[in-house]
Structures are given as C-alpha cells and as structure tokens.
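Engineer: Data file run_37.pdb (PDB, C-alpha atoms (C1' of nucleotides)) is appended below.
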```
ATOM      1  CA  MET T  26       0.000   0.000   0.000
ATOM      2  CA  PRO T  27       1.680   3.116  -1.146
ATOM      3  CA  GLU T  28       1.970   5.801   1.498
ATOM      4  CA  LEU T  29       4.038   8.965   1.459
ATOM      5  CA  PRO T  30       7.480   7.348   1.036
ATOM      6  CA  GLU T  31       6.325   5.089  -1.771
ATOM      7  CA  ALA T  32       4.519   7.953  -3.516
ATOM      8  CA  GLU T  33       7.666  10.049  -3.215
ATOM      9  CA  VAL T  34       9.754   7.303  -4.828
ATOM     10  CA  VAL T  35       7.212   7.037  -7.638
ATOM     11  CA  ALA T  36       7.226  10.804  -8.196
ATOM     12  CA  ARG T  37      11.024  10.969  -8.250
ATOM     13  CA  GLN T  38      11.370   8.188 -10.802
ATOM     14  CA  ILE T  39       8.764   9.633 -13.118
ATOM     15  CA  ARG T  40      10.360  13.046 -12.793
ATOM     16  CA  ALA T  41      13.798  11.672 -13.657
ATOM     17  CA  GLN T  42      12.610   9.492 -16.492
ATOM     18  CA  LEU T  43       9.906  11.457 -18.234
ATOM     19  CA  THR T  44      10.200  15.186 -17.583
ATOM     20  CA  GLY T  45      10.254  17.040 -20.903
ATOM     21  CA  CYS T  46       8.738  14.159 -22.859
ATOM     22  CA  ARG T  47       5.787  14.786 -25.151
ATOM     23  CA  VAL T  48       2.553  12.841 -24.871
ATOM     24  CA  ARG T  49       1.534  10.863 -27.900
ATOM     25  CA  GLU T  50      -1.519   9.196 -26.393
ATOM     26  CA  LEU T  51      -3.553   9.027 -23.218
ATOM     27  CA  TRP T  52      -5.314   5.698 -23.275
ATOM     28  CA  VAL T  53      -7.985   4.875 -20.727
ATOM     29  CA  GLY T  54      -9.199   1.291 -20.503
ATOM     30  CA  ARG T  55     -12.047   1.913 -18.145
ATOM     31  CA  ALA T  56     -13.769   5.221 -17.913
ATOM     32  CA  ASP T  57     -14.683   4.939 -14.229
ATOM     33  CA  ILE T  58     -11.036   4.991 -13.189
ATOM     34  CA  VAL T  59     -10.954   8.657 -14.230
ATOM     35  CA  ARG T  60     -12.931  10.211 -11.409
ATOM     36  CA  GLN T  61     -12.652  13.771 -12.684
ATOM     37  CA  GLY T  62     -12.139  15.397 -16.068
ATOM     38  CA  TYR T  63     -12.666  12.338 -18.263
ATOM     39  CA  ASP T  64     -13.639  14.478 -21.254
ATOM     40  CA  TRP T  65     -10.366  16.377 -21.138
ATOM     41  CA  ARG T  66      -8.301  13.431 -22.334
ATOM     42  CA  PRO T  67      -7.683  14.814 -25.858
ATOM     43  CA  TRP T  68      -6.012  17.930 -24.474
ATOM     44  CA  TYR T  69      -3.068  15.914 -23.191
ATOM     45  CA  VAL T  70      -1.964  14.788 -26.638
ATOM     46  CA  ASP T  71       1.128  16.762 -27.666
ATOM     47  CA  ALA T  72       1.489  18.268 -24.186
ATOM     48  CA  ARG T  73       4.845  18.023 -22.444
ATOM     49  CA  LEU T  74       5.459  16.675 -18.967
ATOM     50  CA  ASP T  75       6.642  19.765 -17.186
ATOM     51  CA  SER T  76       7.025  18.688 -13.561
ATOM     52  CA  VAL T  77       5.986  16.039 -11.071
ATOM     53  CA  ALA T  78       4.812  16.743  -7.539
ATOM     54  CA  ARG T  79       3.556  14.698  -4.641
ATOM     55  CA  TYR T  80       0.673  15.715  -2.399
ATOM     56  CA  GLY T  81       0.266  13.346   0.507
ATOM     57  CA  LYS T  82       0.067   9.965  -1.204
ATOM     58  CA  SER T  83      -1.048  11.389  -4.552
ATOM     59  CA  ILE T  84       1.172  12.033  -7.550
ATOM     60  CA  ALA T  85       0.474  15.072  -9.692
ATOM     61  CA  MET T  86       2.009  15.356 -13.134
ATOM     62  CA  ALA T  87       1.910  18.821 -14.689
ATOM     63  CA  PHE T  88       1.617  19.025 -18.458
ATOM     64  CA  ALA T  89       2.182  22.132 -20.551
ATOM     65  CA  LYS T  90       0.765  22.939 -23.948
ATOM     66  CA  GLY T  91       0.280  26.287 -25.653
ATOM     67  CA  GLY T  92       0.939  28.300 -22.512
ATOM     68  CA  GLU T  93      -1.561  26.319 -20.467
ATOM     69  CA  THR T  94      -0.869  23.826 -17.692
ATOM     70  CA  ARG T  95      -3.063  20.892 -16.807
ATOM     71  CA  TYR T  96      -2.558  18.043 -14.439
ATOM     72  CA  LEU T  97      -2.929  14.326 -14.242
ATOM     73  CA  VAL T  98      -3.283  13.271 -10.642
ATOM     74  CA  ALA T  99      -2.926   9.625  -9.676
ATOM     75  CA  GLU T 100      -4.292   8.266  -6.423
ATOM     76  CA  LEU T 101      -2.857   4.822  -5.885
ATOM     77  CA  GLY T 102      -5.195   3.639  -3.140
ATOM     78  CA  MET T 103      -4.219   0.289  -1.734
ATOM     79  CA  THR T 104      -2.968  -1.560  -4.735
ATOM     80  CA  GLY T 105      -2.238   1.075  -7.338
ATOM     81  CA  LEU T 106       1.064   1.361  -9.163
ATOM     82  CA  LEU T 107       2.513   3.561 -11.862
ATOM     83  CA  LEU T 108       4.872   1.500 -13.951
ATOM     84  CA  PHE T 109       7.136   2.047 -16.899
ATOM     85  CA  ALA T 110       5.988  -0.160 -19.733
ATOM     86  CA  SER T 111       8.952  -2.502 -19.594
ATOM     87  CA  VAL T 112       7.901  -3.458 -16.063
ATOM     88  CA  ALA T 113       4.154  -3.459 -16.572
ATOM     89  CA  ILE T 114       4.463  -6.091 -19.258
ATOM     90  CA  LYS T 115       4.745  -8.610 -16.412
ATOM     91  CA  LEU T 116       1.405  -7.475 -15.032
ATOM     92  CA  PRO T 117      -0.840  -7.614 -18.078
ATOM     93  CA  GLN T 118      -4.147  -7.556 -16.202
ATOM     94  CA  HIS T 119      -5.620  -4.528 -14.445
ATOM     95  CA  ILE T 120      -3.862  -1.862 -16.443
ATOM     96  CA  HIS T 121      -6.537   0.825 -16.581
ATOM     97  CA  ALA T 122      -4.668   3.652 -18.241
ATOM     98  CA  ARG T 123      -1.552   4.275 -20.313
ATOM     99  CA  LEU T 124       0.314   7.461 -20.910
ATOM    100  CA  VAL T 125       2.325   7.003 -24.072
ATOM    101  CA  PHE T 126       5.162   9.426 -24.709
ATOM    102  CA  ASP T 127       7.228   9.937 -27.807
ATOM    103  CA  GLY T 128      10.311   7.786 -27.722
ATOM    104  CA  GLY T 129       9.258   4.154 -27.553
ATOM    105  CA  LYS T 130       8.740   1.496 -24.988
ATOM    106  CA  GLU T 131      10.794   2.965 -22.185
ATOM    107  CA  THR T 132       8.670   6.064 -22.218
ATOM    108  CA  GLU T 133       5.272   4.695 -21.457
ATOM    109  CA  LEU T 134       3.691   4.928 -18.046
ATOM    110  CA  ARG T 135       0.920   2.567 -17.006
ATOM    111  CA  TYR T 136      -1.596   2.781 -14.199
ATOM    112  CA  TRP T 137      -2.100  -0.659 -12.705
ATOM    113  CA  ASN T 138      -4.665  -1.184  -9.969
ATOM    114  CA  PRO T 139      -6.381  -4.532  -9.384
ATOM    115  CA  ARG T 140      -8.622  -3.411  -6.528
ATOM    116  CA  ARG T 141      -9.317  -0.011  -7.934
ATOM    117  CA  PHE T 142      -9.277   1.809  -4.625
ATOM    118  CA  GLY T 143      -7.834   4.775  -6.330
ATOM    119  CA  CYS T 144      -8.399   6.858  -9.406
ATOM    120  CA  LEU T 145      -7.041   9.322 -11.879
ATOM    121  CA  ARG T 146      -8.073  12.953 -12.171
ATOM    122  CA  LEU T 147      -7.583  15.349 -15.042
ATOM    123  CA  LEU T 148      -7.506  18.841 -13.597
ATOM    124  CA  ASP T 149      -6.758  22.366 -14.679
ATOM    125  CA  GLN T 150      -4.910  24.844 -12.468
ATOM    126  CA  GLY T 151      -7.976  25.810 -10.479
ATOM    127  CA  GLY T 152      -9.081  22.209 -10.184
ATOM    128  CA  LEU T 153      -5.733  21.165  -8.781
ATOM    129  CA  GLU T 154      -5.688  23.981  -6.262
ATOM    130  CA  GLN T 155      -9.159  23.107  -5.077
ATOM    131  CA  TYR T 156      -8.272  19.426  -4.893
ATOM    132  CA  VAL T 157      -5.146  20.054  -2.860
ATOM    133  CA  ARG T 158      -6.792  22.573  -0.551
ATOM    134  CA  LYS T 159      -9.700  20.303   0.226
ATOM    135  CA  ARG T 160      -7.783  17.118   0.876
ATOM    136  CA  PHE T 161      -4.286  17.694   2.077
ATOM    137  CA  GLY T 162      -3.069  19.227   5.291
ATOM    138  CA  SER T 163       0.565  19.842   6.086
ATOM    139  CA  ASP T 164       3.205  17.715   4.499
ATOM    140  CA  PRO T 165       5.130  16.090   7.358
ATOM    141  CA  LEU T 166       8.439  16.626   5.593
ATOM    142  CA  ALA T 167       7.808  20.307   4.929
ATOM    143  CA  VAL T 168       5.920  21.436   8.025
ATOM    144  CA  THR T 169       7.720  23.318  10.785
ATOM    145  CA  ILE T 170       7.671  22.030  14.320
ATOM    146  CA  GLU T 171       5.565  25.026  15.350
ATOM    147  CA  ASP T 172       2.895  24.327  12.739
ATOM    148  CA  PHE T 173       2.928  20.630  13.462
ATOM    149  CA  THR T 174       2.439  20.959  17.199
ATOM    150  CA  ALA T 175      -0.129  23.714  16.756
ATOM    151  CA  ARG T 176      -2.161  21.604  14.372
ATOM    152  CA  ILE T 177      -2.047  18.658  16.694
ATOM    153  CA  GLN T 178      -2.725  20.144  20.057
ATOM    154  CA  GLU T 179      -6.044  21.660  19.128
ATOM    155  CA  ARG T 180      -7.415  18.224  18.299
ATOM    156  CA  ARG T 181      -9.307  16.082  20.694
ATOM    157  CA  GLY T 182      -9.375  12.507  19.436
ATOM    158  CA  ARG T 183      -7.003   9.571  19.433
ATOM    159  CA  LEU T 184      -3.497   9.889  18.161
ATOM    160  CA  LYS T 185      -3.345   7.249  15.457
ATOM    161  CA  PRO T 186      -6.463   8.266  13.538
ATOM    162  CA  LEU T 187      -5.245  11.852  13.662
ATOM    163  CA  LEU T 188      -1.854  10.926  12.277
ATOM    164  CA  MET T 189      -3.586   9.184   9.385
ATOM    165  CA  ARG T 190      -5.999  12.017   8.741
ATOM    166  CA  GLN T 191      -4.948  13.361   5.361
ATOM    167  CA  GLN T 192      -6.610  16.737   5.873
ATOM    168  CA  VAL T 193      -4.422  17.371   8.907
ATOM    169  CA  ILE T 194      -1.096  15.658   8.172
ATOM    170  CA  ALA T 195      -0.910  14.357   4.630
ATOM    171  CA  GLY T 196       0.674  11.109   3.548
ATOM    172  CA  ILE T 197       0.765   8.784   6.534
ATOM    173  CA  GLY T 198      -1.117   5.492   6.324
ATOM    174  CA  ASN T 199      -1.461   2.499   8.565
ATOM    175  CA  ILE T 200       2.019   1.038   8.227
ATOM    176  CA  TYR T 201       3.943   4.217   8.945
ATOM    177  CA  ALA T 202       1.512   5.348  11.641
ATOM    178  CA  ASN T 203       2.232   2.152  13.554
ATOM    179  CA  GLU T 204       5.969   2.443  13.073
ATOM    180  CA  ILE T 205       6.046   6.111  14.054
ATOM    181  CA  LEU T 206       4.005   5.605  17.210
ATOM    182  CA  PHE T 207       6.191   2.740  18.354
ATOM    183  CA  ARG T 208       9.377   4.706  17.812
ATOM    184  CA  ALA T 209       7.887   7.690  19.588
ATOM    185  CA  GLY T 210       6.740   5.509  22.476
ATOM    186  CA  LEU T 211       3.143   6.685  22.173
ATOM    187  CA  HIS T 212      -0.025   4.625  22.419
ATOM    188  CA  PRO T 213      -2.296   4.615  19.336
ATOM    189  CA  HIS T 214      -5.184   5.694  21.545
ATOM    190  CA  ALA T 215      -3.326   8.403  23.403
ATOM    191  CA  ARG T 216      -5.444  11.515  23.662
ATOM    192  CA  VAL T 217      -3.921  14.064  21.382
ATOM    193  CA  ASN T 218      -4.702  17.126  23.449
ATOM    194  CA  ARG T 219      -3.201  15.551  26.557
ATOM    195  CA  LEU T 220       0.203  14.891  25.052
ATOM    196  CA  ALA T 221       3.092  16.522  26.846
ATOM    197  CA  PRO T 222       4.916  19.132  24.761
ATOM    198  CA  SER T 223       7.965  16.881  24.772
ATOM    199  CA  SER T 224       5.864  14.047  23.324
ATOM    200  CA  ARG T 225       4.540  16.253  20.568
ATOM    201  CA  GLU T 226       8.046  17.318  19.659
ATOM    202  CA  ARG T 227       9.282  13.751  19.720
ATOM    203  CA  LEU T 228       6.405  12.757  17.471
ATOM    204  CA  TYR T 229       7.354  15.460  14.994
ATOM    205  CA  HIS T 230      10.977  14.381  14.785
ATOM    206  CA  VAL T 231      10.244  10.650  14.718
ATOM    207  CA  THR T 232       7.697  11.130  11.943
ATOM    208  CA  ARG T 233      10.221  12.892   9.779
ATOM    209  CA  THR T 234      12.978  10.428  10.541
ATOM    210  CA  VAL T 235      10.866   7.380   9.727
ATOM    211  CA  LEU T 236       9.510   8.841   6.486
ATOM    212  CA  THR T 237      12.907  10.112   5.368
ATOM    213  CA  GLU T 238      14.586   6.786   6.049
ATOM    214  CA  ALA T 239      11.816   4.946   4.260
ATOM    215  CA  ILE T 240      12.238   7.146   1.184
ATOM    216  CA  ALA T 241      15.983   6.507   1.231
ATOM    217  CA  CYS T 242      15.215   2.771   1.231
ATOM    218  CA  GLY T 243      12.901   3.123  -1.740
ATOM    219  CA  GLY T 244       9.813   2.596   0.425
ATOM    220  CA  SER T 245       8.327  -0.535   1.958
ATOM    221  CA  SER T 246       7.257  -3.352  -0.327
ATOM    222  CA  VAL T 247       4.792  -5.014   1.985
ATOM    223  CA  ARG T 248       2.513  -6.755  -0.426
ATOM    224  CA  ASP T 249       3.043  -5.596  -3.931
ATOM    225  CA  PHE T 250       4.683  -2.247  -4.016
ATOM    226  CA  PHE T 251       6.964  -1.721  -6.965
ATOM    227  CA  ALA T 252       8.498   1.533  -8.072
ATOM    228  CA  PRO T 253       7.870   2.529 -11.712
ATOM    229  CA  ASP T 254      11.140   0.839 -12.715
ATOM    230  CA  GLY T 255      10.108  -2.397 -11.001
ATOM    231  CA  GLY T 256      12.368  -1.939  -7.985
ATOM    232  CA  GLU T 257      11.204  -3.027  -4.545
ATOM    233  CA  GLY T 258      11.634  -0.875  -1.489
ATOM    234  CA  SER T 259      13.678  -2.319   1.358
ATOM    235  CA  TYR T 260      12.302  -0.406   4.344
ATOM    236  CA  LYS T 261      10.188  -3.399   5.333
ATOM    237  CA  GLN T 262      13.249  -4.928   6.945
ATOM    238  CA  TYR T 263      13.285  -2.034   9.396
ATOM    239  CA  HIS T 264       9.652  -2.388  10.412
ATOM    240  CA  LEU T 265       9.525  -2.904  14.138
ATOM    241  CA  VAL T 266       5.857  -3.557  14.865
ATOM    242  CA  TYR T 267       3.774  -3.642  11.692
ATOM    243  CA  GLY T 268       2.527  -7.194  11.153
ATOM    244  CA  LYS T 269       4.530  -8.512  14.110
ATOM    245  CA  THR T 270       1.791  -9.620  16.474
ATOM    246  CA  GLY T 271       3.089 -12.037  19.107
ATOM    247  CA  GLN T 272       6.730 -11.284  18.510
ATOM    248  CA  PRO T 273       8.919  -9.899  21.290
ATOM    249  CA  CYS T 274       9.153  -6.128  21.505
ATOM    250  CA  PRO T 275      12.252  -4.909  19.646
ATOM    251  CA  ASN T 276      13.138  -2.777  22.656
ATOM    252  CA  ARG T 277      13.666  -6.020  24.604
ATOM    253  CA  CYS T 278      11.289  -4.839  27.265
ATOM    254  CA  GLY T 279       9.971  -8.368  27.660
ATOM    255  CA  ALA T 280       6.467  -7.689  26.350
ATOM    256  CA  THR T 281       5.110  -8.971  23.051
ATOM    257  CA  ILE T 282       3.630  -6.938  20.224
ATOM    258  CA  ARG T 283      -0.130  -6.732  20.299
ATOM    259  CA  ARG T 284      -2.733  -6.031  17.716
ATOM    260  CA  LEU T 285      -5.778  -4.059  18.750
ATOM    261  CA  LYS T 286      -9.067  -5.743  18.047
ATOM    262  CA  GLY T 287     -12.048  -4.092  16.464
ATOM    263  CA  GLU T 288      -9.812  -1.712  14.623
ATOM    264  CA  ARG T 289      -7.745  -1.739  11.494
ATOM    265  CA  SER T 290      -4.557  -3.392  12.580
ATOM    266  CA  SER T 291      -2.924  -1.250  15.183
ATOM    267  CA  PHE T 292       0.294  -2.937  16.213
ATOM    268  CA  TYR T 293       1.966  -1.742  19.368
ATOM    269  CA  CYS T 294       3.933  -2.701  22.449
ATOM    270  CA  PRO T 295       1.764  -2.498  25.569
ATOM    271  CA  ARG T 296       4.771  -1.762  27.752
ATOM    272  CA  CYS T 297       6.678   0.766  25.661
ATOM    273  CA  GLN T 298       3.600   2.626  24.439
ATOM    274  CA  ARG T 299       1.548   3.717  27.416
ATOM    275  CA  ARG T 300      -1.725   5.484  26.999
ATOM    276  CA  ARG T 301      -0.939   8.507  29.130
TER
ATOM    277  C1'  DA N  17     -16.080  17.266  16.433
ATOM    278  C1'  DG N  18     -15.153  12.541  16.612
ATOM    279  C1'  DC N  19     -16.331   7.848  16.519
ATOM    280  C1'  DT N  20     -18.210   3.664  14.145
ATOM    281  C1'  DC N  21     -20.101   1.411  10.382
ATOM    282  C1'  DT N  22     -20.638   0.728   5.424
ATOM    283  C1'  DT N  23     -19.233   0.869   0.624
ATOM    284  C1'  DC N  24     -16.090   0.367  -3.120
ATOM    285  C1'  DC N  25     -12.984  -4.161  -5.194
ATOM    286  C1'  DT N  26     -10.095  -8.317  -5.957
ATOM    287  C1'  DG N  27      -7.040 -11.977  -4.713
ATOM    288  C1'  DA N  28      -4.958 -14.496  -1.090
ATOM    289  C1'  DA N  29      -5.773 -17.379   2.605
ATOM    290  C1'  DA N  30      -8.525 -19.960   5.538
ATOM    291  C1'  DG N  31     -12.405 -23.119   6.218
ATOM    292  C1'  DC N  32     -15.065 -27.096   4.944
TER
ATOM    293  C1'  DT A   6      -8.644 -31.538  -4.265
ATOM    294  C1'  DG A   7     -12.000 -27.940  -5.049
ATOM    295  C1'  DC A   8     -15.371 -25.140  -3.679
ATOM    296  C1'  DT A   9     -17.091 -21.299  -0.608
ATOM    297  C1'  DT A  10     -16.257 -17.816   2.796
ATOM    298  C1'  DT A  11     -13.571 -14.403   4.983
ATOM    299  C1'  DC A  12     -10.585 -10.756   5.151
ATOM    300  C1'  DA A  13      -7.595  -6.846   4.136
ATOM    301  C1'  DG A  14      -7.512  -1.935   3.553
ATOM    302  C1'  DG A  15      -7.580   4.085   1.871
ATOM    303  C1'  DA A  16     -10.972   7.243   1.708
ATOM    304  C1'  DA A  17     -15.553   9.029   1.669
ATOM    305  C1'  DG A  18     -20.073   9.322   3.363
ATOM    306  C1'  DA A  19     -23.888   8.270   6.632
ATOM    307  C1'  DG A  20     -25.586   8.264  11.118
ATOM    308  C1'  DC A  21     -25.117   8.962  15.993
TER
END
```
Would you mind giving the structure from this file in structure tokens?
Structural biologist:
Amino acid sequence: MPELPEAEVVARQIRAQLTGCRVRELWVGRADIVRQGYDWRPWYVDARLDSVARYGKSIAMAFAKGGETRYLVAELGMTGLLLFASVAIKLPQHIHARLVFDGGKETELRYWNPRRFGCLRLLDQGGLEQYVRKRFGSDPLAVTIEDFTARIQERRGRLKPLLMRQQVIAGIGNIYANEILFRAGLHPHARVNRLAPSSRERLYHVTRTVLTEAIACGGSSVRDFFAPDGGEGSYKQYHLVYGKTGQPCPNRCGATIRRLKGERSSFYCPRCQRRR
DNA sequence: AGCTCTTCCTGAAAGC
DNA sequence: TGCTTTCAGGAAGAGC
C-alpha cells in the first residue's frame, strides 16, 4: 500500500525518467477509473510533462501545452502502481490507463490497480488547487515544528487516527503510523490534546525520521509495491511492529507486540507505548 | 467534532 | 482436491 514514502519514490522516478517528454496518447481502458475530467483526455496529446509533484500519497504530473498547464493526478489507493511499460508487461491484467510518450517502450507509463481503490483525475490549475486545498493538510516533511504541534494540540481525538488524517497531516497510512508511534513511544489511543509538549516534539521528529529513512530505502514493499522501474523498497526490513503480532518487543522490554481488536490493525507494544 | 459502520474491489488465505 | 467464505484496507459518506 503506497503511502508517502512510496509515492515520493514514484514521483522521483517519473520526474527523472519522463520530464520534458511529449505525450503521444492518453489511453484509458475503463472510464470509471478517471474520477474527474474524463472528457479532457484529448487535451493531453502533444502536451509536455513539465514537472511532477507529490501531495500526501497522490502524484500530480503537470503538463504544458500552448501556454496552459493541466494536471494528471494519480491516487494509488491500496494496490495502485505507476509502472514504466517494460515493467508493466509482467502485469498484463488490471492496467486501466496508459500514458504514451514519444520515444518508444521505455517512455510509457501505465496505471495498474487490481482493486481499484484509487483513481485518476484530469484537472486544470484551479481544479488542482481546489483538490489540494480540500484534501491535504501539512506535508510532514515540509511542516515546521511550530505548525505541526499547533495543528495537533487543538485536536481532541485519538493519536493514530489523527496521524492518518490526510486533511491534517498528509501522507501517513497504517504502516507508517504504527511504526512512528512505536518509535515515539506513544499509544495509538493516546489523547492528542493531553500529550506533553515533549511528546509532541518527539512525534514530529520521529515522523520525519521514519519517512525520510523509508524514502531513502525506496519505500516498503509489503505486499506488492513496486516503483515505476520495477524496484522493490527495502524499508520493510526495518519495520519494528507492523505485522509482528506475538513477537517480542524490539526494545527487549519483555512484552510482546499486540494487535488491537475491532480496529484496522494497530500494532503496538503495551509496555513501551503507554496510553498517558 | 469525533467515533463507528458501510461501501467500493479483488485476490490471497482460511475453512469445509 | 475444489469449492465457498472471509478478510484486508484508503478514503468518503452516513448516522449517531
């Protein structure tokens, strides 16, 4: 499941490989995968890929043509991938869209998504701004410690859902939320507004460290994450709690990792992550 | 505001 | 072995 680090790896590879290339064709295999702007497909022909950005877990490609800029935004959902054609050839099913650039096989990008929790959007400048404003809060790698703690302390609920709330902090999903909370020594159900200032600051730094390290590793390939070039991320080997129910706590505290019931897989150490 | 439940969807894994 | 059932999960929306 691509989260911020995986999306960042995807954006970087596309940026390196395809920036400046001209679109020959935008092929869409199933119309319902394009959630917004389906009728704008023809515009993209002959446009050039100008830049690639990441918002939370989404990847936004900016195309330029005749002084105008439009965007193709990809939400990967759980199982979505953007793959260069040479890689996608191994995954013939579930390719819902293809972006064909001038220059042959190495310059084709395919959107693969078997479960289709995810979509594509074709947006103009205003559409992109609205999309970003509505859905994405602060980027954890760009936000200052002051903004981060201010955003957090005014909230009332539990810590883990807040950390995964895209409108507040954008890009963190279940895997990294679990890893961050363990490393910060904070319980998933800790009350956000009762965190000590030192805990909030620790959370800020741990979040950035975990995400930065994960990006440097190329992300986590937990089930089926592949970068556009087919590479797998290696950060999974540094996971301390995710998917490790019953195993001894990596801090050697003597407790075993638990999984909270009635909730989407929260993995934590009951001794190292106290609720207070 | 925040919490829980439901929906979307497919393939892997578990159950019989 | 082969069929059926369950489950996982990001995000959005409904209802409380």
Engineer: Would you kindly report the residues of chain T within 10 Å of chain A, using all atoms listed in the file, as a VMD selection string?
Structural biologist: chain T and resid 26 to 28 100 to 104 142 to 143 189 to 191 198 to 199 289 to 290
Engineer: Write out as a PDB file with C-alpha atoms, in the frame of the given file each polymer residue whose atoms come within 8 Å of range 21-26 of chain N, counting all atoms listed in the file; drop sequence neighbours fewer than 5 positions from it.
Structural biologist:
```
ATOM      1  CA  PRO T 139      -6.381  -4.532  -9.384  1.00  0.00           C
ATOM      2  CA  ARG T 140      -8.622  -3.411  -6.528  1.00  0.00           C
ATOM      3  CA  ARG T 141      -9.317  -0.011  -7.934  1.00  0.00           C
ATOM      4  CA  PHE T 142      -9.277   1.809  -4.625  1.00  0.00           C
TER       5      PHE T 142
END
```
Engineer: How far is it from CA of Gln298 in chain T to CA of Ala195 in chain T, in Å with one decimal?
Structural biologist: 23.5 Å
Engineer: Which residues, protein or nucleic acid, reach to within 12 Å of (-14.3, 13.2, -23.2) in the file's coordinates when using all atoms listed in the file, and can you give that as a list in words?
Structural biologist: Leu51, Trp52, Val53, Ala56, Val59, Gln61, Gly62, Tyr63, Asp64, Trp65, Arg66, Pro67, Trp68, Tyr69 and Leu147 of chain T
Engineer: Taking 3 positions as the minimum chain separation for residues in the same chain, which residues sit within 12 Å of Thr44 in chain T when counting all atoms listed in the file? Answer as a list in words.
Structural biologist: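 Those residues are Ala36, Arg37, Gln38, Ile39, Arg40, Ala41, Arg47, Val48, Ala72, Arg73, Leu74, Asp75, Ser76, Val77, Ala78, Met86, Ala87, Phe88, Ala89, Phe126, Asp127 and Thr132 of chain T.
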Engineer: When you count all atoms listed in the file, which of these residues is closest to chain N: T:His230, T:Arg301, T:His214, T:Arg180?
Structural biologist: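 Of T:His230, T:Arg301, T:His214, T:Arg180, the one nearest chain N, counting all atoms listed in the file, is T:Arg180.
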Engineer: What's the separation between CA of Asn203 in chain T and CA of Ala99 in chain T, in Å to one decimal place?
Structural biologist: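 It comes out at 24.9 Å.
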Engineer: Could you expand the PyMOL selection byres ((chain N and resi 19) around 10) into the explicit residues it covers here, written as a ChimeraX atom specification?
Structural biologist: /T:182-183 /N:17-18,20-21 /A:21
Engineer: Quick one: axis-aligned box around all listed atoms of range 10-21 of chain A, 5 Å on every side, centre and edge lengths in Å to one decimal, written as JSON.
Structural biologist:
```
{"center_x": -16.5, "center_y": -4.2, "center_z": 8.8, "size_x": 28.1, "size_y": 37.1, "size_z": 24.3}
```
